[in-house]
Each structure stands twice: as C-alpha cells, then as structure tokens.
>>> print(open('input-v1.cif').read())   # mmCIF, C-alpha atoms
data_my_file
#
loop_
_atom_site.label_atom_id
_atom_site.label_comp_id
_atom_site.auth_asym_id
_atom_site.auth_seq_id
_atom_site.Cartn_x
_atom_site.Cartn_y
_atom_site.Cartn_z
CA MET Z 529 -47.77 -22.49 -85.50
CA ASP Z 530 -51.27 -23.31 -84.25
CA TYR Z 531 -51.51 -23.66 -80.48
CA CYS Z 532 -55.25 -23.06 -80.32
CA ARG Z 533 -57.35 -25.89 -78.93
CA GLU Z 534 -61.02 -26.63 -79.33
CA ASN Z 535 -61.88 -24.62 -76.21
CA ALA Z 536 -59.01 -22.10 -76.21
CA ARG Z 537 -57.40 -19.48 -78.46
CA LEU Z 538 -53.90 -18.23 -77.73
CA PHE Z 539 -52.92 -14.57 -78.16
CA MET Z 540 -49.61 -12.83 -77.46
CA LYS Z 541 -48.97 -9.32 -76.16
CA ARG Z 542 -45.56 -8.22 -77.43
CA ASP Z 543 -44.16 -6.41 -74.43
CA ASP Z 544 -40.72 -7.39 -75.74
CA PHE Z 545 -41.11 -4.29 -77.94
CA THR Z 546 -41.52 -2.03 -74.92
CA GLY Z 547 -39.23 0.95 -74.39
CA PHE Z 548 -35.48 1.05 -74.92
CA GLU Z 549 -33.10 -1.72 -76.03
CA MET Z 550 -35.85 -4.40 -76.03
CA GLY Z 551 -36.29 -3.90 -72.29
CA GLY Z 552 -39.55 -5.85 -72.15
CA ASN Z 553 -41.49 -5.92 -68.89
CA LYS Z 554 -38.60 -4.35 -67.00
CA VAL Z 555 -39.16 -0.98 -68.67
CA ARG Z 556 -42.73 -0.73 -67.42
CA LYS Z 557 -41.55 -1.14 -63.84
CA LEU Z 558 -38.53 1.12 -64.30
CA GLU Z 559 -40.78 3.94 -65.53
CA TYR Z 560 -41.88 4.32 -61.92
CA ALA Z 561 -38.82 3.15 -59.99
CA LEU Z 562 -36.26 5.21 -61.90
CA LYS Z 563 -38.40 8.33 -61.71
CA GLN Z 564 -38.55 7.96 -57.95
CA GLY Z 565 -34.76 7.61 -57.86
CA MET Z 566 -34.17 10.61 -60.10
CA ASP Z 567 -36.64 12.70 -58.09
CA GLN Z 568 -34.44 11.92 -55.08
CA GLY Z 569 -31.37 13.13 -56.96
CA ALA Z 570 -29.80 9.72 -57.65
CA GLU Z 571 -26.57 9.74 -59.65
CA VAL Z 572 -26.07 5.96 -59.35
CA PHE Z 573 -28.62 3.15 -59.58
CA ILE Z 574 -27.73 0.03 -57.61
CA THR Z 575 -29.49 -3.24 -58.37
CA CYS Z 576 -28.95 -7.00 -58.44
CA GLY Z 577 -29.70 -10.14 -60.43
CA GLY Z 578 -28.28 -13.13 -62.24
CA ILE Z 579 -25.52 -12.76 -64.81
CA GLN Z 580 -28.09 -12.88 -67.65
CA SER Z 581 -30.68 -10.78 -65.82
CA ASN Z 582 -32.92 -8.76 -68.13
CA HIS Z 583 -33.71 -6.37 -65.29
CA VAL Z 584 -30.06 -5.66 -64.59
CA ARG Z 585 -29.36 -5.00 -68.25
CA ALA Z 586 -32.40 -2.71 -68.49
CA VAL Z 587 -31.16 -0.69 -65.50
CA ALA Z 588 -27.69 -0.39 -67.07
CA SER Z 589 -29.26 0.79 -70.33
CA ALA Z 590 -31.56 3.28 -68.59
CA ALA Z 591 -28.71 4.67 -66.49
CA ALA Z 592 -26.71 5.36 -69.65
CA LEU Z 593 -29.76 6.89 -71.33
CA PHE Z 594 -30.25 9.36 -68.47
CA SER Z 595 -26.53 10.08 -67.97
CA ARG Z 596 -26.38 8.17 -64.67
CA LYS Z 597 -24.25 5.24 -63.60
CA ALA Z 598 -25.30 1.70 -62.74
CA HIS Z 599 -23.71 -0.48 -60.05
CA LEU Z 600 -24.73 -4.11 -60.51
CA VAL Z 601 -24.48 -6.92 -57.97
CA LEU Z 602 -24.49 -10.20 -59.92
CA SER Z 603 -24.80 -13.72 -58.57
CA GLY Z 604 -21.99 -16.10 -59.52
CA SER Z 605 -18.53 -15.54 -60.94
CA ASP Z 606 -17.08 -13.60 -63.83
CA MET Z 607 -17.30 -15.15 -67.29
CA HIS Z 608 -16.63 -14.26 -70.91
CA PRO Z 609 -18.98 -11.33 -71.66
CA ASP Z 610 -22.01 -12.51 -73.65
CA GLY Z 611 -25.71 -11.78 -73.87
CA ASN Z 612 -27.02 -9.44 -71.19
CA TYR Z 613 -23.69 -9.41 -69.33
CA PHE Z 614 -21.94 -8.14 -72.44
CA LEU Z 615 -24.52 -5.36 -72.69
CA ASP Z 616 -24.11 -4.47 -69.01
CA LEU Z 617 -20.45 -3.76 -69.70
CA LEU Z 618 -21.19 -2.02 -73.01
CA PHE Z 619 -23.49 0.40 -71.18
CA GLY Z 620 -20.66 1.20 -68.77
CA ALA Z 621 -22.02 -0.45 -65.64
CA ASN Z 622 -19.85 -1.17 -62.61
CA VAL Z 623 -20.24 -4.93 -62.08
CA GLN Z 624 -19.61 -6.70 -58.77
CA PHE Z 625 -19.86 -10.49 -58.47
CA VAL Z 626 -20.90 -12.22 -55.24
CA SER Z 627 -21.27 -15.88 -54.34
CA GLU Z 628 -24.64 -17.52 -54.87
CA GLU Z 629 -25.01 -17.93 -51.11
CA ASP Z 630 -24.27 -14.27 -50.42
CA TYR Z 631 -26.65 -13.30 -53.17
CA LYS Z 632 -29.45 -15.43 -51.78
CA TYR Z 633 -29.14 -14.29 -48.17
CA ARG Z 634 -27.26 -10.97 -48.18
CA ARG Z 635 -27.99 -9.14 -51.44
CA GLN Z 636 -30.01 -6.36 -49.78
CA GLN Z 637 -27.33 -5.85 -47.13
CA LEU Z 638 -24.62 -5.77 -49.80
CA MET Z 639 -26.50 -3.14 -51.80
CA GLU Z 640 -26.98 -1.05 -48.66
CA GLU Z 641 -23.22 -1.21 -48.04
CA ILE Z 642 -22.53 -0.10 -51.61
CA ARG Z 643 -24.95 2.81 -51.23
CA ALA Z 644 -23.24 3.81 -47.98
CA SER Z 645 -19.86 3.84 -49.74
CA TYR Z 646 -21.25 6.24 -52.37
CA THR Z 647 -22.80 8.41 -49.65
CA ARG Z 648 -19.41 8.76 -47.95
CA ARG Z 649 -18.10 10.16 -51.23
CA GLY Z 650 -20.96 12.62 -51.50
CA ILE Z 651 -22.74 10.66 -54.29
CA GLN Z 652 -26.48 10.03 -54.11
CA ALA Z 653 -27.34 6.39 -54.92
CA TYR Z 654 -30.70 4.66 -55.24
CA ILE Z 655 -31.35 0.95 -54.71
CA LEU Z 656 -33.70 -1.01 -56.95
CA PRO Z 657 -34.59 -4.49 -55.65
CA GLU Z 658 -34.33 -7.62 -57.78
CA GLY Z 659 -36.58 -7.20 -60.82
CA ALA Z 660 -37.75 -3.77 -59.55
CA SER Z 661 -40.41 -5.87 -57.85
CA ASN Z 662 -41.55 -3.60 -55.08
CA GLY Z 663 -44.36 -1.23 -54.24
CA ILE Z 664 -43.37 1.41 -56.78
CA GLY Z 665 -42.39 -0.94 -59.63
CA PHE Z 666 -45.69 -2.78 -59.12
CA PHE Z 667 -47.54 0.07 -60.85
CA GLY Z 668 -45.89 -0.76 -64.19
CA TYR Z 669 -48.08 -3.81 -64.70
CA TYR Z 670 -51.09 -2.31 -62.97
CA GLN Z 671 -51.00 0.20 -65.80
CA ALA Z 672 -50.29 -2.57 -68.33
CA TYR Z 673 -53.53 -4.26 -67.23
CA GLU Z 674 -55.41 -1.03 -67.93
CA GLU Z 675 -53.78 -1.01 -71.38
CA ILE Z 676 -54.98 -4.57 -71.97
CA MET Z 677 -58.53 -3.50 -71.07
CA MET Z 678 -58.31 -0.74 -73.68
CA GLN Z 679 -56.96 -3.16 -76.29
CA GLU Z 680 -59.80 -5.58 -75.57
CA ARG Z 681 -62.27 -2.85 -76.47
CA LEU Z 682 -60.38 -1.97 -79.66
CA LEU Z 683 -60.05 -5.62 -80.73
CA ARG Z 684 -63.50 -6.59 -79.50
CA GLU Z 685 -61.78 -9.67 -78.07
CA PRO Z 686 -62.11 -10.05 -74.28
CA PHE Z 687 -59.43 -12.20 -72.65
CA ASP Z 688 -60.45 -14.86 -70.17
CA THR Z 689 -56.93 -15.74 -68.97
CA ILE Z 690 -53.67 -13.80 -68.84
CA CYS Z 691 -50.43 -15.80 -68.56
CA VAL Z 692 -46.99 -14.48 -67.67
CA ALA Z 693 -43.58 -15.72 -66.51
CA VAL Z 694 -42.99 -15.30 -62.76
CA GLY Z 695 -39.54 -14.58 -61.36
CA SER Z 696 -39.38 -11.91 -58.67
CA GLY Z 697 -43.17 -11.50 -58.82
CA GLY Z 698 -43.64 -7.81 -59.63
CA THR Z 699 -45.20 -8.29 -63.07
CA TYR Z 700 -47.73 -10.79 -61.79
CA ALA Z 701 -48.49 -8.62 -58.75
CA GLY Z 702 -49.46 -5.61 -60.86
CA LEU Z 703 -51.67 -7.67 -63.17
CA TYR Z 704 -53.37 -9.51 -60.32
CA ALA Z 705 -54.06 -6.37 -58.28
CA ALA Z 706 -55.56 -4.51 -61.23
CA ASN Z 707 -57.73 -7.51 -62.11
CA GLU Z 708 -59.09 -7.58 -58.56
CA MET Z 709 -59.50 -3.81 -58.22
CA TYR Z 710 -61.43 -3.55 -61.49
CA GLY Z 711 -63.50 -6.63 -60.67
CA CYS Z 712 -62.81 -8.22 -64.05
CA ARG Z 713 -62.56 -11.81 -62.75
CA LYS Z 714 -60.02 -12.88 -65.35
CA ARG Z 715 -57.75 -15.79 -64.49
CA ILE Z 716 -54.19 -14.54 -63.96
CA VAL Z 717 -51.87 -17.53 -64.31
CA GLY Z 718 -48.17 -17.26 -63.56
CA PHE Z 719 -45.54 -19.75 -64.72
CA ASN Z 720 -42.72 -19.84 -62.20
CA ILE Z 721 -39.30 -19.92 -63.86
CA TYR Z 722 -37.23 -19.10 -60.78
CA ASP Z 723 -37.43 -21.62 -57.95
CA LYS Z 724 -39.82 -24.55 -57.56
CA ASN Z 725 -39.46 -24.28 -53.77
CA ALA Z 726 -40.24 -20.56 -53.64
CA ASP Z 727 -43.45 -19.29 -52.07
CA ALA Z 728 -44.34 -17.03 -54.99
CA GLU Z 729 -47.86 -16.48 -53.68
CA MET Z 730 -46.59 -14.92 -50.44
CA GLN Z 731 -44.02 -12.83 -52.29
CA ILE Z 732 -46.66 -11.53 -54.71
CA ALA Z 733 -49.06 -10.68 -51.87
CA GLY Z 734 -46.28 -8.74 -50.13
CA ILE Z 735 -45.54 -6.69 -53.27
CA ILE Z 736 -49.24 -5.91 -53.73
CA GLU Z 737 -49.64 -4.80 -50.11
CA GLU Z 738 -46.63 -2.51 -50.45
CA GLY Z 739 -47.96 -1.15 -53.74
CA LEU Z 740 -51.36 -0.38 -52.26
CA ARG Z 741 -49.68 1.47 -49.38
CA VAL Z 742 -47.53 3.48 -51.79
CA GLY Z 743 -50.64 4.35 -53.79
CA GLY Z 744 -52.57 5.35 -50.67
CA CYS Z 745 -55.23 2.72 -51.39
CA ARG Z 746 -57.10 1.38 -48.37
CA ASN Z 747 -59.08 -1.23 -50.29
CA ARG Z 748 -58.46 -4.84 -49.33
CA ILE Z 749 -58.22 -7.53 -51.96
CA SER Z 750 -58.37 -11.30 -51.76
CA TYR Z 751 -55.40 -13.46 -52.73
CA ASP Z 752 -57.46 -16.62 -53.13
CA ARG Z 753 -57.35 -16.40 -56.93
CA ILE Z 754 -53.56 -16.35 -57.33
CA HIS Z 755 -52.60 -19.19 -59.68
CA ILE Z 756 -48.92 -20.13 -59.97
CA VAL Z 757 -47.72 -23.13 -61.99
CA TYR Z 758 -44.43 -24.61 -60.74
CA ASP Z 759 -44.13 -27.55 -63.15
CA TYR Z 760 -41.87 -25.83 -65.70
CA VAL Z 761 -39.08 -24.41 -63.51
CA GLY Z 762 -36.84 -27.31 -64.47
CA GLU Z 763 -33.54 -27.44 -62.57
CA GLY Z 764 -33.78 -23.78 -61.58
CA TYR Z 765 -33.31 -20.20 -62.70
CA GLY Z 766 -31.40 -19.91 -65.94
CA ILE Z 767 -31.15 -23.70 -66.37
CA THR Z 768 -33.07 -24.70 -69.49
CA SER Z 769 -34.02 -28.21 -70.59
CA SER Z 770 -33.45 -29.54 -74.10
CA GLN Z 771 -37.25 -29.69 -74.56
CA VAL Z 772 -37.55 -25.95 -73.94
CA MET Z 773 -34.60 -25.20 -76.24
CA ASP Z 774 -36.26 -27.26 -78.99
CA PHE Z 775 -39.50 -25.36 -78.38
CA ILE Z 776 -37.68 -22.01 -78.69
CA HIS Z 777 -36.13 -23.17 -81.98
CA LYS Z 778 -39.46 -24.42 -83.34
CA THR Z 779 -41.20 -21.18 -82.40
CA ALA Z 780 -38.52 -19.11 -84.15
CA LEU Z 781 -38.72 -21.26 -87.29
CA GLN Z 782 -42.50 -21.24 -87.57
CA THR Z 783 -43.44 -17.78 -86.32
CA GLY Z 784 -40.36 -15.55 -86.42
CA ILE Z 785 -40.91 -14.86 -82.70
CA LEU Z 786 -37.81 -15.07 -80.53
CA LEU Z 787 -38.17 -16.40 -76.99
CA ASP Z 788 -35.44 -16.49 -74.37
CA PRO Z 789 -34.23 -19.53 -72.40
CA VAL Z 790 -34.59 -17.95 -68.95
CA TYR Z 791 -38.11 -16.50 -68.92
CA THR Z 792 -40.43 -16.57 -71.93
CA GLY Z 793 -39.18 -19.86 -73.37
CA LYS Z 794 -40.00 -21.76 -70.20
CA ALA Z 795 -43.24 -19.89 -69.62
CA LEU Z 796 -44.70 -20.25 -73.12
CA TYR Z 797 -43.62 -23.89 -73.23
CA GLY Z 798 -45.62 -24.30 -70.03
CA VAL Z 799 -48.64 -22.48 -71.46
CA VAL Z 800 -48.68 -24.62 -74.60
CA SER Z 801 -48.18 -27.82 -72.59
CA GLU Z 802 -51.11 -26.91 -70.33
CA LEU Z 803 -53.27 -26.12 -73.36
CA TYR Z 804 -52.61 -29.62 -74.69
CA LYS Z 805 -53.52 -31.01 -71.26
CA ARG Z 806 -56.76 -28.98 -71.41
CA ASN Z 807 -56.05 -27.24 -68.12
CA PRO Z 808 -59.39 -25.61 -67.14
CA LEU Z 809 -57.56 -22.39 -66.18
CA LEU Z 810 -56.54 -21.94 -69.82
CA THR Z 811 -59.84 -21.83 -71.65
CA GLY Z 812 -61.48 -19.20 -73.84
CA ASN Z 813 -59.21 -16.40 -75.04
CA VAL Z 814 -55.78 -16.88 -73.44
CA LEU Z 815 -53.32 -13.97 -73.55
CA PHE Z 816 -49.61 -14.67 -73.08
CA ILE Z 817 -47.46 -11.62 -72.30
CA HIS Z 818 -44.06 -11.80 -74.00
CA THR Z 819 -41.89 -10.01 -71.43
CA GLY Z 820 -38.71 -9.80 -73.51
CA GLY Z 821 -35.24 -11.05 -72.64
CA GLN Z 822 -34.10 -12.16 -76.08
CA PHE Z 823 -30.47 -11.23 -75.45
CA GLY Z 824 -30.32 -14.17 -73.03
CA ILE Z 825 -30.40 -16.57 -75.96
CA PHE Z 826 -26.89 -15.76 -77.18
CA PRO Z 827 -24.91 -17.42 -74.35
CA GLN Z 828 -26.77 -20.65 -75.18
CA LYS Z 829 -26.45 -20.47 -78.95
CA ASN Z 830 -24.31 -23.62 -79.05
CA ARG Z 831 -27.29 -25.66 -77.86
CA PHE Z 832 -29.14 -25.16 -81.15
CA CYS Z 833 -28.66 -27.54 -84.07
CA LEU Z 834 -28.58 -25.16 -87.03
#
>>> encode(input="input-v1.cif", output="structure tokens")
Amino acid sequence: MDYCRENARLFMKRDDFTGFEMGGNKVRKLEYALKQGMDQGAEVFITCGGIQSNHVRAVASAAALFSRKAHLVLSGSDMHPDGNYFLDLLFGANVQFVSEEDYKYRRQQLMEEIRASYTRRGIQAYILPEGASNGIGFFGYYQAYEEIMMQERLLREPFDTICVAVGSGGTYAGLYAANEMYGCRKRIVGFNIYDKNADAEMQIAGIIEEGLRVGGCRNRISYDRIHIVYDYVGEGYGITSSQVMDFIHKTALQTGILLDPVYTGKALYGVVSELYKRNPLLTGNVLFIHTGGQFGIFPQKNRFCL
C-alpha cells in the first residue's frame, strides 16, 4: 500500500512489538514507572483508564509478570469481557468501574483512596497515572528518540517528521523533549485521538516540566514547536468512524499490519489524509510510530465486512 507522495516518504517504527504481550508504547513508559514502584516495595499497582485501555492491560500483564497485583479503575460500566478487558481479567487484575463523570473529575482521588485502603491492611501500593504519562514515564520515549537517532545512522535515512497518536500525552512529551534537547529540529506531530476539546499542548508541557525536574535537568526548552492535529478525534475516545474502520481493514489486507480502532487506526488515518492534503508538516521522510493496541480491535470485530 503506497502512501508516499511526491514530496514525502512514509516509514513505520513497529513499537507494537515492544516488550511483553504486545504492550506497545506502554512498555517503554512502564520500564521506568514500574521500577520506581518496585524500588519503593510496591505489592499492588493501581492505575486507571478506559475499558479497552492498552495502558491498563499492560500494567495488569506486568504485575502478573513480576508476581504483583494490579488494581484497575475503569471508566464506564461492566460489560462482557473482550479485548483488553478480557486480558485484564485473565491476568488476575482487580477491576473497579466508576462513572464517566467520576473518572473525569475524581480518578486521582479515587486511586488515592484505594491506596489508603491497602495501606491500612499493611500492603504497599503504587499509583500510576493514566497512560503512565508523568515525569518518570516520560523517559520511556525520551530514550525511544535516542533509539530513533541510532536507527537513522544505521539506515542512513534521516527522518524529517515523527508522527504519533496522542492520548494522555506522555509519548509525545518524551519525543518532543528529546528533539529539543538534542537540537535536531525534527517536526514532532501528534494526532489527538482522545478529546478534541482537550488542551494537549498544556498537558504535554506539564509532563515535560515534571520529567526535567525528575531528571535534575535545569535546561529550559521552548514549546513553540508542539504540533497537535485535532481533526481526527471523531466523536471521542474509543469511538471510531466507519472511514477509520475501512482504513484499518484496507491496511490489514494490503500490508498485513494490524492497527487498532482507538489509537493507531485514527492516527495513521490522519497521517495518510494529511499526506494527501500535502500538509507542509509532513514532508521529506515521515516516521509513524505504531504504538500497539491491537487487542482493542476484537470488541469491534462485528464492524468489519469479511
């Protein structure tokens, strides 16, 4: 499937192959966040997300791998186990559903209350924020950027633009900060899949500032070059249009690459659409990072005409 244009060539970095159980970008962030938790003696990892959250499933998998327990706060109501939710249960996670309103406004408070309940029982618990998008998880994609620099040298193919799906912002934050710190001047373009009304730029800047503090870095960076595209969110997080579903099917048929409806399907559909529009941000060698999440396709399998 040829998505290259006259002035642009599209590459893909397969971070969906990263780590355990196809954890994708979540594993890079958990390398740092889980280590911090285990160094503090955590027996339980508490985190939150949507019912088909890749991050939540990755935490459940990692907890089982390291003989810990996961306590998951999920937005919405219980449903027939499928996709990532099925895997959460398979990995033995304790799942707690909360209303969408409580999740939006009180998820941190709820996780703090859960941690306090474990503390009263003499159990050490560690909280990971949504997407592990905080100052410690930020280093996962700072390091990934350094890996990309090494791969550029090996391939002798410098990338002019790096594109990635943007949800909680941690993946983009690490890439953007490394690009600025190394002075590479690449265009880092994020495709928001979460909320068209969200201020992703402010959220990303906050994660970077926290990450720089954690790393003891006193350098200041500019946020003027943050580029977030909001045109492909659709109706919201986890709500996928028929056009994106058709694109996922076409991609699978013609390349054997599996995208997911929540993150990479929307984001790559956006990248390809912007290539056809000849968006000046997407010129030269364009690298799309496939951040995983394929298990999220199974709850929507009935939407494919096979």
>>> closest_residue(input="input-v1.cif", among="Z:His599, Z:Arg713, Z:Arg753, Z:His818", to="Phe619 in chain Z", atoms="all atoms listed in the file")
Z:His599
>>> resolve_selection(input="input-v1.cif", expression="the PyMOL selection byres ((chain Z and resi 793) around 12)", output="ChimeraX atom specification")
/Z:692-693,719-721,760-762,766-780,785-792,794-800,816-822,824-825
>>> closest_atom_pairs(input="input-v1.cif", of="range 546-644 of chain Z", to="range 649-653 of chain Z", cutoff="7 Å", atoms="all atoms listed in the file", output="JSON lines")
{"residue": "Z:Gly569", "atom": "CA", "partner": "Z:Gln652", "partner_atom": "CA", "distance": 6.5}
{"residue": "Z:Ala570", "atom": "CA", "partner": "Z:Gln652", "partner_atom": "CA", "distance": 4.9}
{"residue": "Z:Glu571", "atom": "CA", "partner": "Z:Gln652", "partner_atom": "CA", "distance": 5.5}
{"residue": "Z:Val572", "atom": "CA", "partner": "Z:Ala653", "partner_atom": "CA", "distance": 4.6}
{"residue": "Z:Phe573", "atom": "CA", "partner": "Z:Ala653", "partner_atom": "CA", "distance": 5.8}
{"residue": "Z:Ile574", "atom": "CA", "partner": "Z:Ala653", "partner_atom": "CA", "distance": 6.9}
{"residue": "Z:Arg643", "atom": "CA", "partner": "Z:Ala653", "partner_atom": "CA", "distance": 5.7}
>>> atom_distance(input="input-v1.cif", atom1="CA of Tyr613 in chain Z", atom2="CA of Ser589 in chain Z")
11.7 Å
>>> atom_distance(input="input-v1.cif", atom1="CA of Lys541 in chain Z", atom2="CA of Tyr673 in chain Z")
11.2 Å
>>> closest_residue(input="input-v1.cif", among="Z:Asp610, Z:Glu738, Z:Ala701, Z:Asn725", to="Lys829 in chain Z", atoms="all atoms listed in the file")
Z:Asp610
>>> residues_near_point(input="input-v1.cif", point="(-49.3, -11.5, -53.2)", cutoff="12 Å", atoms="all atoms listed in the file", output="PyMOL selection string")
chain Z and resi 661-663+666+696-705+708+718+727-740+748-756
>>> write_last_selection(input="input-v1.cif", atoms="C-alpha atoms", output="compact mmCIF listing (two decimals), keeping the file's coordinate frame")
# COMPACT_ATOMS: atom_id res chain seq x y z
CA SER Z 661 -40.41 -5.87 -57.85
CA ASN Z 662 -41.55 -3.60 -55.08
CA GLY Z 663 -44.36 -1.23 -54.24
CA PHE Z 666 -45.69 -2.78 -59.12
CA SER Z 696 -39.38 -11.91 -58.67
CA GLY Z 697 -43.17 -11.50 -58.82
CA GLY Z 698 -43.64 -7.81 -59.63
CA THR Z 699 -45.20 -8.29 -63.07
CA TYR Z 700 -47.73 -10.79 -61.79
CA ALA Z 701 -48.49 -8.62 -58.75
CA GLY Z 702 -49.46 -5.61 -60.86
CA LEU Z 703 -51.67 -7.67 -63.17
CA TYR Z 704 -53.37 -9.51 -60.32
CA ALA Z 705 -54.06 -6.37 -58.28
CA GLU Z 708 -59.09 -7.58 -58.56
CA GLY Z 718 -48.17 -17.26 -63.56
CA ASP Z 727 -43.45 -19.29 -52.07
CA ALA Z 728 -44.34 -17.03 -54.99
CA GLU Z 729 -47.86 -16.48 -53.68
CA MET Z 730 -46.59 -14.92 -50.44
CA GLN Z 731 -44.02 -12.83 -52.29
CA ILE Z 732 -46.66 -11.53 -54.71
CA ALA Z 733 -49.06 -10.68 -51.87
CA GLY Z 734 -46.28 -8.74 -50.13
CA ILE Z 735 -45.54 -6.69 -53.27
CA ILE Z 736 -49.24 -5.91 -53.73
CA GLU Z 737 -49.64 -4.80 -50.11
CA GLU Z 738 -46.63 -2.51 -50.45
CA GLY Z 739 -47.96 -1.15 -53.74
CA LEU Z 740 -51.36 -0.38 -52.26
CA ARG Z 748 -58.46 -4.84 -49.33
CA ILE Z 749 -58.22 -7.53 -51.96
CA SER Z 750 -58.37 -11.30 -51.76
CA TYR Z 751 -55.40 -13.46 -52.73
CA ASP Z 752 -57.46 -16.62 -53.13
CA ARG Z 753 -57.35 -16.40 -56.93
CA ILE Z 754 -53.56 -16.35 -57.33
CA HIS Z 755 -52.60 -19.19 -59.68
CA ILE Z 756 -48.92 -20.13 -59.97
>>> resolve_selection(input="input-v1.cif", expression="the PyMOL selection byres ((chain Z and resi 554) around 9)", output="tab-separated table (two decimals) with C-alpha atoms, in the coordinates of the input")
chain	number	residue	atom	x	y	z
Z	546	THR	CA	-41.52	-2.03	-74.92
Z	551	GLY	CA	-36.29	-3.90	-72.29
Z	552	GLY	CA	-39.55	-5.85	-72.15
Z	553	ASN	CA	-41.49	-5.92	-68.89
Z	555	VAL	CA	-39.16	-0.98	-68.67
Z	556	ARG	CA	-42.73	-0.73	-67.42
Z	557	LYS	CA	-41.55	-1.14	-63.84
Z	558	LEU	CA	-38.53	1.12	-64.30
Z	559	GLU	CA	-40.78	3.94	-65.53
Z	582	ASN	CA	-32.92	-8.76	-68.13
Z	583	HIS	CA	-33.71	-6.37	-65.29
Z	584	VAL	CA	-30.06	-5.66	-64.59
Z	586	ALA	CA	-32.40	-2.71	-68.49
Z	587	VAL	CA	-31.16	-0.69	-65.50
Z	659	GLY	CA	-36.58	-7.20	-60.82
Z	660	ALA	CA	-37.75	-3.77	-59.55
Z	665	GLY	CA	-42.39	-0.94	-59.63
Z	668	GLY	CA	-45.89	-0.76	-64.19
Z	699	THR	CA	-45.20	-8.29	-63.07
Z	819	THR	CA	-41.89	-10.01	-71.43
Z	820	GLY	CA	-38.71	-9.80	-73.51
>>> atom_distance(input="input-v1.cif", atom1="CA of Arg634 in chain Z", atom2="CA of Thr647 in chain Z")
19.9 Å
>>> resolve_selection(input="input-v1.cif", expression="the PyMOL selection byres ((chain Z and resi 689) around 7)", output="list in words")
Phe687, Asp688, Ile690, Cys691, Lys714, Arg715, Ile716, Leu810, Asn813, Val814 and Leu815 of chain Z
>>> closest_residue(input="input-v1.cif", among="Z:Leu617, Z:Val623, Z:Ala598, Z:Met709", to="Tyr670 in chain Z", atoms="all atoms listed in the file")
Z:Met709
>>> residues_near_point(input="input-v1.cif", point="(-23.3, -4.2, -55.6)", cutoff="9 Å", atoms="all atoms listed in the file", output="ChimeraX atom specification")
/Z:574-576,599-602,622-626,635,638-643
>>> write_last_selection(input="input-v1.cif", atoms="C-alpha atoms", output="PDB file, in the frame of the given file")
ATOM      1  CA  ILE Z 574     -27.730   0.030 -57.610  1.00  0.00           C
ATOM      2  CA  THR Z 575     -29.490  -3.240 -58.370  1.00  0.00           C
ATOM      3  CA  CYS Z 576     -28.950  -7.000 -58.440  1.00  0.00           C
ATOM      4  CA  HIS Z 599     -23.710  -0.480 -60.050  1.00  0.00           C
ATOM      5  CA  LEU Z 600     -24.730  -4.110 -60.510  1.00  0.00           C
ATOM      6  CA  VAL Z 601     -24.480  -6.920 -57.970  1.00  0.00           C
ATOM      7  CA  LEU Z 602     -24.490 -10.200 -59.920  1.00  0.00           C
ATOM      8  CA  ASN Z 622     -19.850  -1.170 -62.610  1.00  0.00           C
ATOM      9  CA  VAL Z 623     -20.240  -4.930 -62.080  1.00  0.00           C
ATOM     10  CA  GLN Z 624     -19.610  -6.700 -58.770  1.00  0.00           C
ATOM     11  CA  PHE Z 625     -19.860 -10.490 -58.470  1.00  0.00           C
ATOM     12  CA  VAL Z 626     -20.900 -12.220 -55.240  1.00  0.00           C
ATOM     13  CA  ARG Z 635     -27.990  -9.140 -51.440  1.00  0.00           C
ATOM     14  CA  LEU Z 638     -24.620  -5.770 -49.800  1.00  0.00           C
ATOM     15  CA  MET Z 639     -26.500  -3.140 -51.800  1.00  0.00           C
ATOM     16  CA  GLU Z 640     -26.980  -1.050 -48.660  1.00  0.00           C
ATOM     17  CA  GLU Z 641     -23.220  -1.210 -48.040  1.00  0.00           C
ATOM     18  CA  ILE Z 642     -22.530  -0.100 -51.610  1.00  0.00           C
ATOM     19  CA  ARG Z 643     -24.950   2.810 -51.230  1.00  0.00           C
TER      20      ARG Z 643
END
